[in-house]
file coords33.cif (mmCIF, N, CA and C atoms)
data_model
#
loop_
_atom_site.label_atom_id
_atom_site.label_comp_id
_atom_site.auth_asym_id
_atom_site.auth_seq_id
_atom_site.Cartn_x
_atom_site.Cartn_y
_atom_site.Cartn_z
N MET A 283 0.84 -1.19 0.00
CA MET A 283 0.00 0.00 0.00
C MET A 283 0.88 1.25 0.00
N ARG A 284 0.58 2.19 -0.88
CA ARG A 284 1.34 3.42 -0.95
C ARG A 284 0.62 4.48 -0.12
N PHE A 285 1.38 5.14 0.74
CA PHE A 285 0.79 6.18 1.57
C PHE A 285 0.85 7.51 0.84
N PRO A 286 -0.12 8.37 1.06
CA PRO A 286 -0.12 9.66 0.36
C PRO A 286 1.05 10.53 0.80
N SER A 287 1.54 11.31 -0.12
CA SER A 287 2.61 12.26 0.20
C SER A 287 2.06 13.67 0.01
N HIS A 288 2.84 14.62 0.39
CA HIS A 288 2.42 16.01 0.21
C HIS A 288 2.33 16.37 -1.27
N MET A 289 3.12 15.67 -2.10
CA MET A 289 3.02 15.92 -3.54
C MET A 289 1.69 15.40 -4.07
N ASP A 290 1.11 14.39 -3.42
CA ASP A 290 -0.24 13.96 -3.81
C ASP A 290 -1.22 15.12 -3.68
N THR A 291 -1.13 15.85 -2.59
CA THR A 291 -2.02 16.98 -2.36
C THR A 291 -1.75 18.08 -3.38
N ALA A 292 -0.49 18.34 -3.68
CA ALA A 292 -0.16 19.35 -4.70
C ALA A 292 -0.72 18.94 -6.06
N LEU A 293 -0.63 17.65 -6.39
CA LEU A 293 -1.18 17.18 -7.66
C LEU A 293 -2.71 17.29 -7.68
N GLU A 294 -3.36 17.05 -6.54
CA GLU A 294 -4.81 17.24 -6.46
C GLU A 294 -5.17 18.70 -6.73
N GLU A 295 -4.41 19.61 -6.16
CA GLU A 295 -4.63 21.05 -6.39
C GLU A 295 -4.42 21.38 -7.86
N ALA A 296 -3.42 20.76 -8.49
CA ALA A 296 -3.15 21.00 -9.91
C ALA A 296 -4.30 20.50 -10.77
N ARG A 297 -4.82 19.32 -10.44
CA ARG A 297 -5.96 18.78 -11.20
C ARG A 297 -7.19 19.66 -11.02
N ALA A 298 -7.41 20.19 -9.82
CA ALA A 298 -8.53 21.10 -9.58
C ALA A 298 -8.35 22.39 -10.37
N ALA A 299 -7.12 22.88 -10.48
CA ALA A 299 -6.85 24.07 -11.28
C ALA A 299 -7.20 23.80 -12.75
N ALA A 300 -6.79 22.65 -13.26
CA ALA A 300 -7.09 22.29 -14.65
C ALA A 300 -8.60 22.24 -14.87
N ALA A 301 -9.33 21.71 -13.91
CA ALA A 301 -10.79 21.63 -14.03
C ALA A 301 -11.42 23.02 -14.09
N ARG A 302 -10.75 24.01 -13.52
CA ARG A 302 -11.22 25.41 -13.57
C ARG A 302 -10.74 26.12 -14.83
N GLY A 303 -9.97 25.41 -15.68
CA GLY A 303 -9.43 26.03 -16.88
C GLY A 303 -8.12 26.76 -16.66
N GLU A 304 -7.53 26.53 -15.50
CA GLU A 304 -6.25 27.16 -15.16
C GLU A 304 -5.10 26.22 -15.51
N THR A 305 -3.92 26.76 -15.74
CA THR A 305 -2.74 25.92 -15.92
C THR A 305 -2.61 25.05 -14.67
N PRO A 306 -2.48 23.73 -14.85
CA PRO A 306 -2.50 22.82 -13.71
C PRO A 306 -1.22 22.80 -12.88
N VAL A 307 -1.16 23.74 -11.96
CA VAL A 307 -0.06 23.79 -11.00
C VAL A 307 -0.68 23.85 -9.62
N GLY A 308 -0.15 23.03 -8.73
CA GLY A 308 -0.63 23.01 -7.35
C GLY A 308 0.53 23.14 -6.39
N ALA A 309 0.25 23.74 -5.22
CA ALA A 309 1.28 23.96 -4.21
C ALA A 309 0.72 23.65 -2.82
N VAL A 310 1.60 23.16 -1.96
CA VAL A 310 1.23 22.82 -0.59
C VAL A 310 2.36 23.28 0.33
N ILE A 311 2.02 23.95 1.41
CA ILE A 311 3.01 24.35 2.41
C ILE A 311 2.77 23.50 3.66
N VAL A 312 3.86 22.90 4.15
CA VAL A 312 3.79 21.88 5.19
C VAL A 312 4.72 22.20 6.36
N ALA A 313 4.26 21.90 7.55
CA ALA A 313 5.12 21.93 8.73
C ALA A 313 5.81 20.57 8.80
N PRO A 314 7.11 20.52 8.52
CA PRO A 314 7.77 19.22 8.38
C PRO A 314 7.79 18.37 9.64
N GLY A 315 7.83 18.98 10.81
CA GLY A 315 7.88 18.21 12.05
C GLY A 315 6.64 17.37 12.27
N THR A 316 5.48 17.92 11.91
CA THR A 316 4.21 17.22 12.14
C THR A 316 3.60 16.69 10.86
N GLY A 317 4.01 17.21 9.72
CA GLY A 317 3.41 16.85 8.44
C GLY A 317 2.09 17.55 8.19
N THR A 318 1.77 18.51 9.05
CA THR A 318 0.52 19.25 8.93
C THR A 318 0.56 20.17 7.71
N ILE A 319 -0.50 20.12 6.91
CA ILE A 319 -0.62 21.05 5.79
C ILE A 319 -1.11 22.38 6.32
N VAL A 320 -0.31 23.41 6.11
CA VAL A 320 -0.62 24.76 6.59
C VAL A 320 -1.45 25.50 5.56
N ALA A 321 -1.14 25.28 4.27
CA ALA A 321 -1.87 25.95 3.19
C ALA A 321 -1.69 25.15 1.92
N SER A 322 -2.68 25.24 1.05
CA SER A 322 -2.56 24.62 -0.27
C SER A 322 -3.36 25.46 -1.26
N ALA A 323 -2.94 25.41 -2.52
CA ALA A 323 -3.61 26.22 -3.54
C ALA A 323 -3.26 25.69 -4.92
N GLY A 324 -4.09 26.05 -5.87
CA GLY A 324 -3.83 25.80 -7.27
C GLY A 324 -3.87 27.14 -7.99
N ASN A 325 -3.35 27.18 -9.20
CA ASN A 325 -3.36 28.42 -9.97
C ASN A 325 -4.77 29.01 -10.07
N ARG A 326 -4.87 30.33 -10.01
CA ARG A 326 -6.16 31.03 -10.15
C ARG A 326 -5.98 32.35 -10.90
N THR A 327 -5.02 32.41 -11.82
CA THR A 327 -4.75 33.66 -12.52
C THR A 327 -5.92 34.14 -13.36
N ARG A 328 -6.55 33.21 -14.06
CA ARG A 328 -7.70 33.57 -14.91
C ARG A 328 -8.92 33.90 -14.06
N GLU A 329 -9.20 33.04 -13.11
CA GLU A 329 -10.37 33.22 -12.24
C GLU A 329 -10.34 34.56 -11.52
N LEU A 330 -9.16 34.94 -11.02
CA LEU A 330 -9.03 36.17 -10.24
C LEU A 330 -8.58 37.37 -11.09
N SER A 331 -8.36 37.14 -12.38
CA SER A 331 -7.81 38.19 -13.26
C SER A 331 -6.58 38.83 -12.61
N ASP A 332 -5.69 37.95 -12.15
CA ASP A 332 -4.52 38.38 -11.40
C ASP A 332 -3.31 37.59 -11.86
N PRO A 333 -2.37 38.23 -12.56
CA PRO A 333 -1.20 37.50 -13.06
C PRO A 333 -0.29 36.99 -11.95
N THR A 334 -0.49 37.45 -10.72
CA THR A 334 0.34 36.95 -9.61
C THR A 334 -0.32 35.80 -8.86
N ALA A 335 -1.50 35.37 -9.26
CA ALA A 335 -2.23 34.33 -8.53
C ALA A 335 -1.75 32.93 -8.89
N HIS A 336 -0.44 32.74 -8.87
CA HIS A 336 0.15 31.42 -9.06
C HIS A 336 -0.07 30.61 -7.79
N ALA A 337 -0.06 29.30 -7.92
CA ALA A 337 -0.31 28.41 -6.79
C ALA A 337 0.63 28.71 -5.62
N GLU A 338 1.92 28.91 -5.91
CA GLU A 338 2.89 29.16 -4.85
C GLU A 338 2.58 30.46 -4.10
N ILE A 339 2.26 31.50 -4.85
CA ILE A 339 1.97 32.81 -4.24
C ILE A 339 0.73 32.70 -3.35
N LEU A 340 -0.31 32.06 -3.85
CA LEU A 340 -1.54 31.92 -3.07
C LEU A 340 -1.30 31.10 -1.80
N ALA A 341 -0.53 30.03 -1.91
CA ALA A 341 -0.22 29.21 -0.73
C ALA A 341 0.64 29.99 0.27
N ILE A 342 1.61 30.72 -0.22
CA ILE A 342 2.46 31.53 0.67
C ILE A 342 1.62 32.59 1.37
N ARG A 343 0.74 33.27 0.65
CA ARG A 343 -0.13 34.27 1.27
C ARG A 343 -0.98 33.66 2.38
N ALA A 344 -1.56 32.50 2.11
CA ALA A 344 -2.41 31.83 3.11
C ALA A 344 -1.59 31.38 4.32
N ALA A 345 -0.41 30.84 4.09
CA ALA A 345 0.44 30.38 5.19
C ALA A 345 0.91 31.56 6.04
N CYS A 346 1.27 32.66 5.40
CA CYS A 346 1.69 33.86 6.14
C CYS A 346 0.53 34.41 6.97
N ALA A 347 -0.66 34.41 6.40
CA ALA A 347 -1.84 34.88 7.15
C ALA A 347 -2.09 33.99 8.36
N ALA A 348 -1.97 32.68 8.16
CA ALA A 348 -2.18 31.74 9.27
C ALA A 348 -1.11 31.90 10.35
N ALA A 349 0.12 32.17 9.93
CA ALA A 349 1.23 32.32 10.87
C ALA A 349 1.27 33.71 11.50
N GLY A 350 0.60 34.68 10.87
CA GLY A 350 0.68 36.05 11.36
C GLY A 350 2.06 36.63 11.17
N SER A 351 2.73 36.19 10.10
CA SER A 351 4.11 36.62 9.84
C SER A 351 4.40 36.58 8.35
N GLU A 352 5.33 37.41 7.90
CA GLU A 352 5.74 37.38 6.51
C GLU A 352 6.85 36.36 6.27
N ARG A 353 7.29 35.69 7.32
CA ARG A 353 8.37 34.71 7.23
C ARG A 353 7.87 33.33 7.60
N LEU A 354 8.32 32.34 6.86
CA LEU A 354 7.91 30.94 7.07
C LEU A 354 9.14 30.04 7.15
N PRO A 355 10.08 30.32 8.04
CA PRO A 355 11.37 29.61 8.04
C PRO A 355 11.31 28.14 8.43
N ASP A 356 10.25 27.72 9.06
CA ASP A 356 10.15 26.33 9.50
C ASP A 356 9.21 25.51 8.64
N LEU A 357 8.86 26.04 7.45
CA LEU A 357 7.90 25.36 6.59
C LEU A 357 8.52 24.96 5.26
N ASP A 358 7.96 23.92 4.66
CA ASP A 358 8.41 23.39 3.37
C ASP A 358 7.32 23.60 2.33
N LEU A 359 7.73 23.81 1.09
CA LEU A 359 6.79 24.01 -0.02
C LEU A 359 6.96 22.88 -1.02
N TYR A 360 5.83 22.27 -1.39
CA TYR A 360 5.77 21.27 -2.44
C TYR A 360 4.98 21.88 -3.58
N VAL A 361 5.52 21.85 -4.79
CA VAL A 361 4.82 22.41 -5.94
C VAL A 361 5.05 21.51 -7.15
N THR A 362 4.05 21.41 -8.01
CA THR A 362 4.11 20.46 -9.11
C THR A 362 4.99 20.89 -10.27
N LEU A 363 5.31 22.17 -10.35
CA LEU A 363 6.12 22.70 -11.46
C LEU A 363 7.20 23.60 -10.89
N GLU A 364 8.38 23.58 -11.50
CA GLU A 364 9.46 24.47 -11.09
C GLU A 364 8.93 25.91 -11.01
N PRO A 365 9.10 26.57 -9.88
CA PRO A 365 8.60 27.94 -9.75
C PRO A 365 9.24 28.90 -10.75
N CYS A 366 8.42 29.84 -11.21
CA CYS A 366 8.92 30.91 -12.08
C CYS A 366 9.75 31.88 -11.25
N ALA A 367 10.33 32.88 -11.89
CA ALA A 367 11.17 33.85 -11.19
C ALA A 367 10.37 34.60 -10.11
N MET A 368 9.13 34.98 -10.42
CA MET A 368 8.31 35.69 -9.44
C MET A 368 8.09 34.83 -8.20
N CYS A 369 7.72 33.58 -8.41
CA CYS A 369 7.45 32.69 -7.29
C CYS A 369 8.73 32.34 -6.53
N ALA A 370 9.82 32.16 -7.24
CA ALA A 370 11.10 31.89 -6.58
C ALA A 370 11.49 33.06 -5.67
N ALA A 371 11.27 34.29 -6.14
CA ALA A 371 11.56 35.46 -5.31
C ALA A 371 10.67 35.49 -4.08
N ALA A 372 9.40 35.13 -4.22
CA ALA A 372 8.49 35.08 -3.07
C ALA A 372 8.91 33.98 -2.09
N ILE A 373 9.37 32.86 -2.60
CA ILE A 373 9.86 31.77 -1.75
C ILE A 373 11.04 32.24 -0.92
N ALA A 374 11.96 32.96 -1.56
CA ALA A 374 13.11 33.51 -0.86
C ALA A 374 12.68 34.55 0.17
N ALA A 375 11.78 35.44 -0.21
CA ALA A 375 11.32 36.49 0.70
C ALA A 375 10.61 35.90 1.92
N ALA A 376 9.88 34.82 1.72
CA ALA A 376 9.16 34.17 2.82
C ALA A 376 10.07 33.29 3.67
N ARG A 377 11.28 33.09 3.21
CA ARG A 377 12.27 32.27 3.92
C ARG A 377 11.83 30.82 4.10
N ILE A 378 11.15 30.30 3.06
CA ILE A 378 10.74 28.89 3.06
C ILE A 378 11.97 28.01 3.31
N ARG A 379 11.83 27.00 4.13
CA ARG A 379 12.96 26.14 4.51
C ARG A 379 13.42 25.25 3.36
N ARG A 380 12.47 24.51 2.76
CA ARG A 380 12.81 23.59 1.67
C ARG A 380 11.77 23.71 0.57
N LEU A 381 12.25 23.59 -0.67
CA LEU A 381 11.39 23.59 -1.84
C LEU A 381 11.51 22.24 -2.52
N TYR A 382 10.38 21.58 -2.70
CA TYR A 382 10.30 20.33 -3.45
C TYR A 382 9.44 20.62 -4.67
N TYR A 383 9.92 20.30 -5.87
CA TYR A 383 9.06 20.50 -7.03
C TYR A 383 9.11 19.31 -7.97
N GLY A 384 8.05 19.21 -8.78
CA GLY A 384 7.89 18.09 -9.70
C GLY A 384 8.58 18.32 -11.02
N ALA A 385 7.83 18.82 -11.99
CA ALA A 385 8.34 18.98 -13.35
C ALA A 385 9.26 20.19 -13.48
N ALA A 386 10.33 20.02 -14.24
CA ALA A 386 11.21 21.14 -14.57
C ALA A 386 10.49 22.03 -15.58
N ASP A 387 10.85 23.31 -15.61
CA ASP A 387 10.25 24.25 -16.56
C ASP A 387 11.36 25.00 -17.29
N PRO A 388 11.94 24.37 -18.35
CA PRO A 388 13.03 25.01 -19.08
C PRO A 388 12.65 26.35 -19.71
N LYS A 389 11.36 26.55 -20.01
CA LYS A 389 10.93 27.78 -20.66
C LYS A 389 10.73 28.94 -19.68
N SER A 390 10.07 28.67 -18.55
CA SER A 390 9.70 29.75 -17.64
C SER A 390 10.16 29.55 -16.20
N GLY A 391 10.92 28.51 -15.95
CA GLY A 391 11.38 28.26 -14.59
C GLY A 391 12.31 29.34 -14.09
N GLY A 392 12.36 29.51 -12.79
CA GLY A 392 13.21 30.52 -12.19
C GLY A 392 14.12 29.97 -11.11
N VAL A 393 14.18 28.63 -10.99
CA VAL A 393 15.01 28.02 -9.95
C VAL A 393 16.25 27.39 -10.57
N GLU A 394 16.05 26.42 -11.44
CA GLU A 394 17.19 25.77 -12.10
C GLU A 394 17.29 26.14 -13.57
N HIS A 395 16.36 26.94 -14.04
CA HIS A 395 16.35 27.43 -15.42
C HIS A 395 16.16 28.94 -15.38
N GLY A 396 16.33 29.59 -16.51
CA GLY A 396 16.05 31.03 -16.59
C GLY A 396 16.83 31.85 -15.58
N ALA A 397 16.12 32.64 -14.79
CA ALA A 397 16.75 33.61 -13.88
C ALA A 397 17.53 32.96 -12.74
N ARG A 398 17.21 31.74 -12.39
CA ARG A 398 17.88 31.03 -11.28
C ARG A 398 17.96 31.91 -10.04
N VAL A 399 16.82 32.40 -9.65
CA VAL A 399 16.70 33.38 -8.56
C VAL A 399 17.33 32.89 -7.26
N LEU A 400 17.09 31.65 -6.89
CA LEU A 400 17.53 31.18 -5.59
C LEU A 400 19.04 30.95 -5.50
N SER A 401 19.70 30.83 -6.62
CA SER A 401 21.16 30.65 -6.59
C SER A 401 21.89 31.94 -6.93
N HIS A 402 21.17 33.02 -7.15
CA HIS A 402 21.78 34.31 -7.46
C HIS A 402 22.47 34.87 -6.23
N SER A 403 23.57 35.55 -6.42
CA SER A 403 24.34 36.09 -5.29
C SER A 403 23.54 37.11 -4.47
N GLN A 404 22.52 37.72 -5.07
CA GLN A 404 21.72 38.71 -4.34
C GLN A 404 20.49 38.10 -3.66
N ALA A 405 20.32 36.79 -3.73
CA ALA A 405 19.18 36.14 -3.07
C ALA A 405 19.34 36.30 -1.56
N HIS A 406 18.30 36.76 -0.91
CA HIS A 406 18.33 36.97 0.54
C HIS A 406 18.27 35.66 1.31
N HIS A 407 17.70 34.66 0.69
CA HIS A 407 17.55 33.36 1.34
C HIS A 407 17.62 32.28 0.27
N LYS A 408 18.27 31.20 0.59
CA LYS A 408 18.40 30.09 -0.35
C LYS A 408 17.90 28.82 0.31
N PRO A 409 16.64 28.45 0.02
CA PRO A 409 16.13 27.21 0.62
C PRO A 409 16.82 26.00 0.01
N GLU A 410 16.74 24.89 0.70
CA GLU A 410 17.19 23.64 0.11
C GLU A 410 16.21 23.33 -1.01
N VAL A 411 16.72 22.87 -2.15
CA VAL A 411 15.86 22.60 -3.31
C VAL A 411 15.98 21.13 -3.70
N TYR A 412 14.82 20.49 -3.87
CA TYR A 412 14.74 19.09 -4.25
C TYR A 412 13.86 18.97 -5.49
N PRO A 413 14.47 18.96 -6.68
CA PRO A 413 13.69 18.87 -7.92
C PRO A 413 13.32 17.43 -8.27
N GLY A 414 12.34 17.30 -9.17
CA GLY A 414 12.02 16.01 -9.77
C GLY A 414 11.12 15.11 -8.96
N LEU A 415 10.48 15.62 -7.92
CA LEU A 415 9.58 14.79 -7.11
C LEU A 415 8.28 14.56 -7.88
N ARG A 416 8.01 13.31 -8.22
CA ARG A 416 6.82 12.94 -9.02
C ARG A 416 6.82 13.68 -10.36
N GLU A 417 8.00 13.87 -10.91
CA GLU A 417 8.18 14.65 -12.13
C GLU A 417 7.36 14.14 -13.30
N ALA A 418 7.39 12.84 -13.54
CA ALA A 418 6.68 12.28 -14.70
C ALA A 418 5.18 12.55 -14.60
N GLU A 419 4.62 12.38 -13.43
CA GLU A 419 3.18 12.60 -13.25
C GLU A 419 2.81 14.07 -13.41
N ALA A 420 3.62 14.94 -12.83
CA ALA A 420 3.35 16.38 -12.95
C ALA A 420 3.49 16.85 -14.40
N ALA A 421 4.52 16.37 -15.08
CA ALA A 421 4.73 16.76 -16.48
C ALA A 421 3.61 16.23 -17.37
N ALA A 422 3.16 15.01 -17.12
CA ALA A 422 2.07 14.42 -17.92
C ALA A 422 0.78 15.23 -17.76
N LEU A 423 0.52 15.70 -16.57
CA LEU A 423 -0.67 16.52 -16.31
C LEU A 423 -0.62 17.82 -17.12
N LEU A 424 0.53 18.45 -17.15
CA LEU A 424 0.70 19.68 -17.93
C LEU A 424 0.58 19.41 -19.43
N ARG A 425 1.24 18.34 -19.91
CA ARG A 425 1.18 18.02 -21.34
C ARG A 425 -0.25 17.74 -21.78
N ALA A 426 -0.99 16.98 -20.99
CA ALA A 426 -2.38 16.67 -21.33
C ALA A 426 -3.24 17.93 -21.36
N PHE A 427 -3.02 18.81 -20.41
CA PHE A 427 -3.79 20.06 -20.35
C PHE A 427 -3.57 20.89 -21.60
N PHE A 428 -2.32 21.08 -21.99
CA PHE A 428 -2.03 21.92 -23.16
C PHE A 428 -2.37 21.23 -24.46
N ALA A 429 -2.26 19.90 -24.52
CA ALA A 429 -2.64 19.17 -25.75
C ALA A 429 -4.13 19.32 -26.01
N ALA A 430 -4.92 19.35 -24.96
CA ALA A 430 -6.38 19.50 -25.12
C ALA A 430 -6.77 20.90 -25.62
N ARG A 431 -5.88 21.84 -25.48
CA ARG A 431 -6.16 23.21 -25.91
C ARG A 431 -5.66 23.54 -27.30
N ARG A 432 -4.93 22.63 -27.90
CA ARG A 432 -4.36 22.88 -29.23
C ARG A 432 -5.27 22.36 -30.31
#
call {"tool": "encode", "arguments": {"input": "coords33.cif", "output": "structure tokens"}}
result
Amino acid sequence: MRFPSHMDTALEEARAAAARGETPVGAVIVAPGTGTIVASAGNRTRELSDPTAHAEILAIRAACAAAGSERLPDLDLYVTLEPCAMCAAAIAAARIRRLYYGAADPKSGGVEHGARVLSHSQAHHKPEVYPGLREAEAAALLRAFFAARR
């Protein structure tokens, strides 16, 4: 029997985003000591008419509100797609402890591709980064979503 992981929850959020017509990206913020999910979200850029309403940003906003702080140093973020530069900057600003992500994003990624925000010398905080978690599943979800729109 396979037990659910936090990436399962992120993938559920991504599937819910796709069902809303949003790019299927999901994010979950977790307290690693207890495994408690503090916040989770899927993309809502179209629904909210907000280009910043990426899953990571929405989850960070909710976790900060719950914590009553702009810093989340004891929390981990799981996201189905490599964060873009905007989201990577928000992850650094929030002082997220660890970042786990699924599919790489060679076109728009901001962690290991493109701007590489978290490894830049001016980054205020550099979380531990663990790429490729459930990568094949996350990538397949994105490919299916975009193939259906072509």
call {"tool": "resolve_selection", "arguments": {"input": "coords33.cif", "expression": "the PyMOL selection byres ((chain A and resi 384) around 7)", "output": "list in words"}}
result
Tyr360, Val361, Thr362, Leu363, Glu364, Tyr382, Tyr383, Ala385, Ala386, Tyr412, Pro413, Gly414, Leu415, Arg416, Glu417, Ala418, Ala420 and Ala421 of chain A
call {"tool": "residues_around", "arguments": {"input": "coords33.cif", "residues": "Glu352 (chain A)", "least_positions_apart": "5", "cutoff": "12 Å", "atoms": "only C-alpha atoms", "output": "list in words"}}
result
Ile342, Arg343, Ala344, Ala345, Cys346, Ala347, Ala372, Ile373, Ala374, Ala375, Ala376, Arg377 and Ile378 of chain A
call {"tool": "residues_near_point", "arguments": {"input": "coords33.cif", "point": "(1.3, 22.8, 4.4)", "cutoff": "9 Å", "atoms": "only C-alpha atoms", "output": "count of residues only"}}
result
19
call {"tool": "axis_aligned_box", "arguments": {"input": "coords33.cif", "around": "region 323-340 of chain A", "padding_each_side": "6 Å", "output": "AutoDock Vina command-line options"}}
result
--center_x -3.7 --center_y 32.1 --center_z -8.4 --size_x 25.3 --size_y 25.4 --size_z 25.1
call {"tool": "atom_distance", "arguments": {"input": "coords33.cif", "atom1": "atom C of Ser403 (chain A)", "atom2": "CA of Ala371 (chain A)"}}
result
12.1 Å
call {"tool": "select_by_dssp", "arguments": {"input": "coords33.cif", "residues": "region 329-404 of chain A", "states": "alpha helix (DSSP H)", "output": "list in words"}}
result
Glu329, Leu330, Ala337, Glu338, Ile339, Leu340, Ala341, Ile342, Arg343, Ala344, Ala345, Cys346, Ala347, Ala348, Ala349, Ala367, Met368, Cys369, Ala370, Ala371, Ala372, Ile373, Ala374, Ala375 and Ala376 of chain A
call {"tool": "resolve_selection", "arguments": {"input": "coords33.cif", "expression": "the PyMOL selection byres (((chain A and resi 300-308 and name CA) around 6) and name CA)", "output": "list in words"}}
result
Ala292, Leu293, Glu295, Ala296, Arg297, Ala298, Ala299, Ala309, Ala323, Gly324, Asn325, Ala337, Val361 and Thr362 of chain A
call {"tool": "residues_near_point", "arguments": {"input": "coords33.cif", "point": "(3.9, 35.6, -15.6)", "cutoff": "9 Å", "atoms": "only C-alpha atoms", "output": "PyMOL selection string"}}
result
chain A and resi 333-334+336+366-368+390
call {"tool": "atom_distance", "arguments": {"input": "coords33.cif", "atom1": "atom N of Arg380 (chain A)", "atom2": "atom N of Pro409 (chain A)"}}
result
6.4 Å
call {"tool": "select_by_dssp", "arguments": {"input": "coords33.cif", "residues": "region 283-431 of chain A", "states": "strand (DSSP E or B)", "output": "ChimeraX atom specification"}}
result
/A:308-313,318-324,358-363,380-385,410-412
call {"tool": "write_last_selection", "arguments": {"input": "coords33.cif", "atoms": "N, CA and C atoms", "output": "CSV table (one decimal), keeping the file's coordinate frame"}}
result
chain,number,residue,atom,x,y,z
A,308,GLY,N,-0.2,23.0,-8.7
A,308,GLY,CA,-0.6,23.0,-7.4
A,308,GLY,C,0.5,23.1,-6.4
A,309,ALA,N,0.2,23.7,-5.2
A,309,ALA,CA,1.3,24.0,-4.2
A,309,ALA,C,0.7,23.6,-2.8
A,310,VAL,N,1.6,23.2,-2.0
A,310,VAL,CA,1.2,22.8,-0.6
A,310,VAL,C,2.4,23.3,0.3
A,311,ILE,N,2.0,24.0,1.4
A,311,ILE,CA,3.0,24.4,2.4
A,311,ILE,C,2.8,23.5,3.7
A,312,VAL,N,3.9,22.9,4.2
A,312,VAL,CA,3.8,21.9,5.2
A,312,VAL,C,4.7,22.2,6.4
A,313,ALA,N,4.3,21.9,7.6
A,313,ALA,CA,5.1,21.9,8.7
A,313,ALA,C,5.8,20.6,8.8
A,318,THR,N,1.8,18.5,9.0
A,318,THR,CA,0.5,19.2,8.9
A,318,THR,C,0.6,20.2,7.7
A,319,ILE,N,-0.5,20.1,6.9
A,319,ILE,CA,-0.6,21.0,5.8
A,319,ILE,C,-1.1,22.4,6.3
A,320,VAL,N,-0.3,23.4,6.1
A,320,VAL,CA,-0.6,24.8,6.6
A,320,VAL,C,-1.4,25.5,5.6
A,321,ALA,N,-1.1,25.3,4.3
A,321,ALA,CA,-1.9,26.0,3.2
A,321,ALA,C,-1.7,25.2,1.9
A,322,SER,N,-2.7,25.2,1.0
A,322,SER,CA,-2.6,24.6,-0.3
A,322,SER,C,-3.4,25.5,-1.3
A,323,ALA,N,-2.9,25.4,-2.5
A,323,ALA,CA,-3.6,26.2,-3.5
A,323,ALA,C,-3.3,25.7,-4.9
A,324,GLY,N,-4.1,26.0,-5.9
A,324,GLY,CA,-3.8,25.8,-7.3
A,324,GLY,C,-3.9,27.1,-8.0
A,358,ASP,N,8.0,23.9,4.7
A,358,ASP,CA,8.4,23.4,3.4
A,358,ASP,C,7.3,23.6,2.3
A,359,LEU,N,7.7,23.8,1.1
A,359,LEU,CA,6.8,24.0,0.0
A,359,LEU,C,7.0,22.9,-1.0
A,360,TYR,N,5.8,22.3,-1.4
A,360,TYR,CA,5.8,21.3,-2.4
A,360,TYR,C,5.0,21.9,-3.6
A,361,VAL,N,5.5,21.8,-4.8
A,361,VAL,CA,4.8,22.4,-5.9
A,361,VAL,C,5.0,21.5,-7.2
A,362,THR,N,4.0,21.4,-8.0
A,362,THR,CA,4.1,20.5,-9.1
A,362,THR,C,5.0,20.9,-10.3
A,363,LEU,N,5.3,22.2,-10.4
A,363,LEU,CA,6.1,22.7,-11.5
A,363,LEU,C,7.2,23.6,-10.9
A,380,ARG,N,12.5,24.5,2.8
A,380,ARG,CA,12.8,23.6,1.7
A,380,ARG,C,11.8,23.7,0.6
A,381,LEU,N,12.2,23.6,-0.7
A,381,LEU,CA,11.4,23.6,-1.8
A,381,LEU,C,11.5,22.2,-2.5
A,382,TYR,N,10.4,21.6,-2.7
A,382,TYR,CA,10.3,20.3,-3.4
A,382,TYR,C,9.4,20.6,-4.7
A,383,TYR,N,9.9,20.3,-5.9
A,383,TYR,CA,9.1,20.5,-7.0
A,383,TYR,C,9.1,19.3,-8.0
A,384,GLY,N,8.0,19.2,-8.8
A,384,GLY,CA,7.9,18.1,-9.7
A,384,GLY,C,8.6,18.3,-11.0
A,385,ALA,N,7.8,18.8,-12.0
A,385,ALA,CA,8.3,19.0,-13.4
A,385,ALA,C,9.3,20.2,-13.5
A,410,GLU,N,16.7,24.9,0.7
A,410,GLU,CA,17.2,23.6,0.1
A,410,GLU,C,16.2,23.3,-1.0
A,411,VAL,N,16.7,22.9,-2.2
A,411,VAL,CA,15.9,22.6,-3.3
A,411,VAL,C,16.0,21.1,-3.7
A,412,TYR,N,14.8,20.5,-3.9
A,412,TYR,CA,14.7,19.1,-4.2
A,412,TYR,C,13.9,19.0,-5.5
call {"tool": "resolve_selection", "arguments": {"input": "coords33.cif", "expression": "the PyMOL selection byres (((chain A and resi 392 and name CA) around 8) and name CA)", "output": "list in words"}}
result
Glu364, Pro365, Cys366, Ala367, Met368, Cys369, Ala370, Ser390, Gly391, Val393, Glu394, His395, Gly396, Ala397, Arg398, Val399 and Leu400 of chain A
call {"tool": "atom_distance", "arguments": {"input": "coords33.cif", "atom1": "CA of Ser401 (chain A)", "atom2": "atom N of Leu340 (chain A)"}}
result
21.7 Å
call {"tool": "decode", "arguments": {"input": "coords33.cif", "residues": "region 373-377 of chain A", "atoms": "N, CA, C and O atoms", "output": "PDB file, in the first residue's frame"}}
result
ATOM      1  N   ILE A 373       9.375  32.856  -2.598  1.00  0.00           N
ATOM      2  CA  ILE A 373       9.855  31.766  -1.748  1.00  0.00           C
ATOM      3  C   ILE A 373      11.044  32.244  -0.922  1.00  0.00           C
ATOM      4  O   ILE A 373      11.128  31.989   0.282  1.00  0.00           O
ATOM      5  N   ALA A 374      11.961  32.961  -1.561  1.00  0.00           N
ATOM      6  CA  ALA A 374      13.115  33.506  -0.856  1.00  0.00           C
ATOM      7  C   ALA A 374      12.677  34.551   0.173  1.00  0.00           C
ATOM      8  O   ALA A 374      13.147  34.547   1.312  1.00  0.00           O
ATOM      9  N   ALA A 375      11.781  35.439  -0.206  1.00  0.00           N
ATOM     10  CA  ALA A 375      11.321  36.491   0.700  1.00  0.00           C
ATOM     11  C   ALA A 375      10.609  35.905   1.921  1.00  0.00           C
ATOM     12  O   ALA A 375      10.745  36.418   3.035  1.00  0.00           O
ATOM     13  N   ALA A 376       9.878  34.816   1.718  1.00  0.00           N
ATOM     14  CA  ALA A 376       9.158  34.172   2.817  1.00  0.00           C
ATOM     15  C   ALA A 376      10.068  33.291   3.668  1.00  0.00           C
ATOM     16  O   ALA A 376       9.653  32.801   4.714  1.00  0.00           O
ATOM     17  N   ARG A 377      11.284  33.087   3.208  1.00  0.00           N
ATOM     18  CA  ARG A 377      12.271  32.275   3.925  1.00  0.00           C
ATOM     19  C   ARG A 377      11.828  30.820   4.095  1.00  0.00           C
ATOM     20  O   ARG A 377      12.082  30.180   5.113  1.00  0.00           O
TER      21      ARG A 377
END
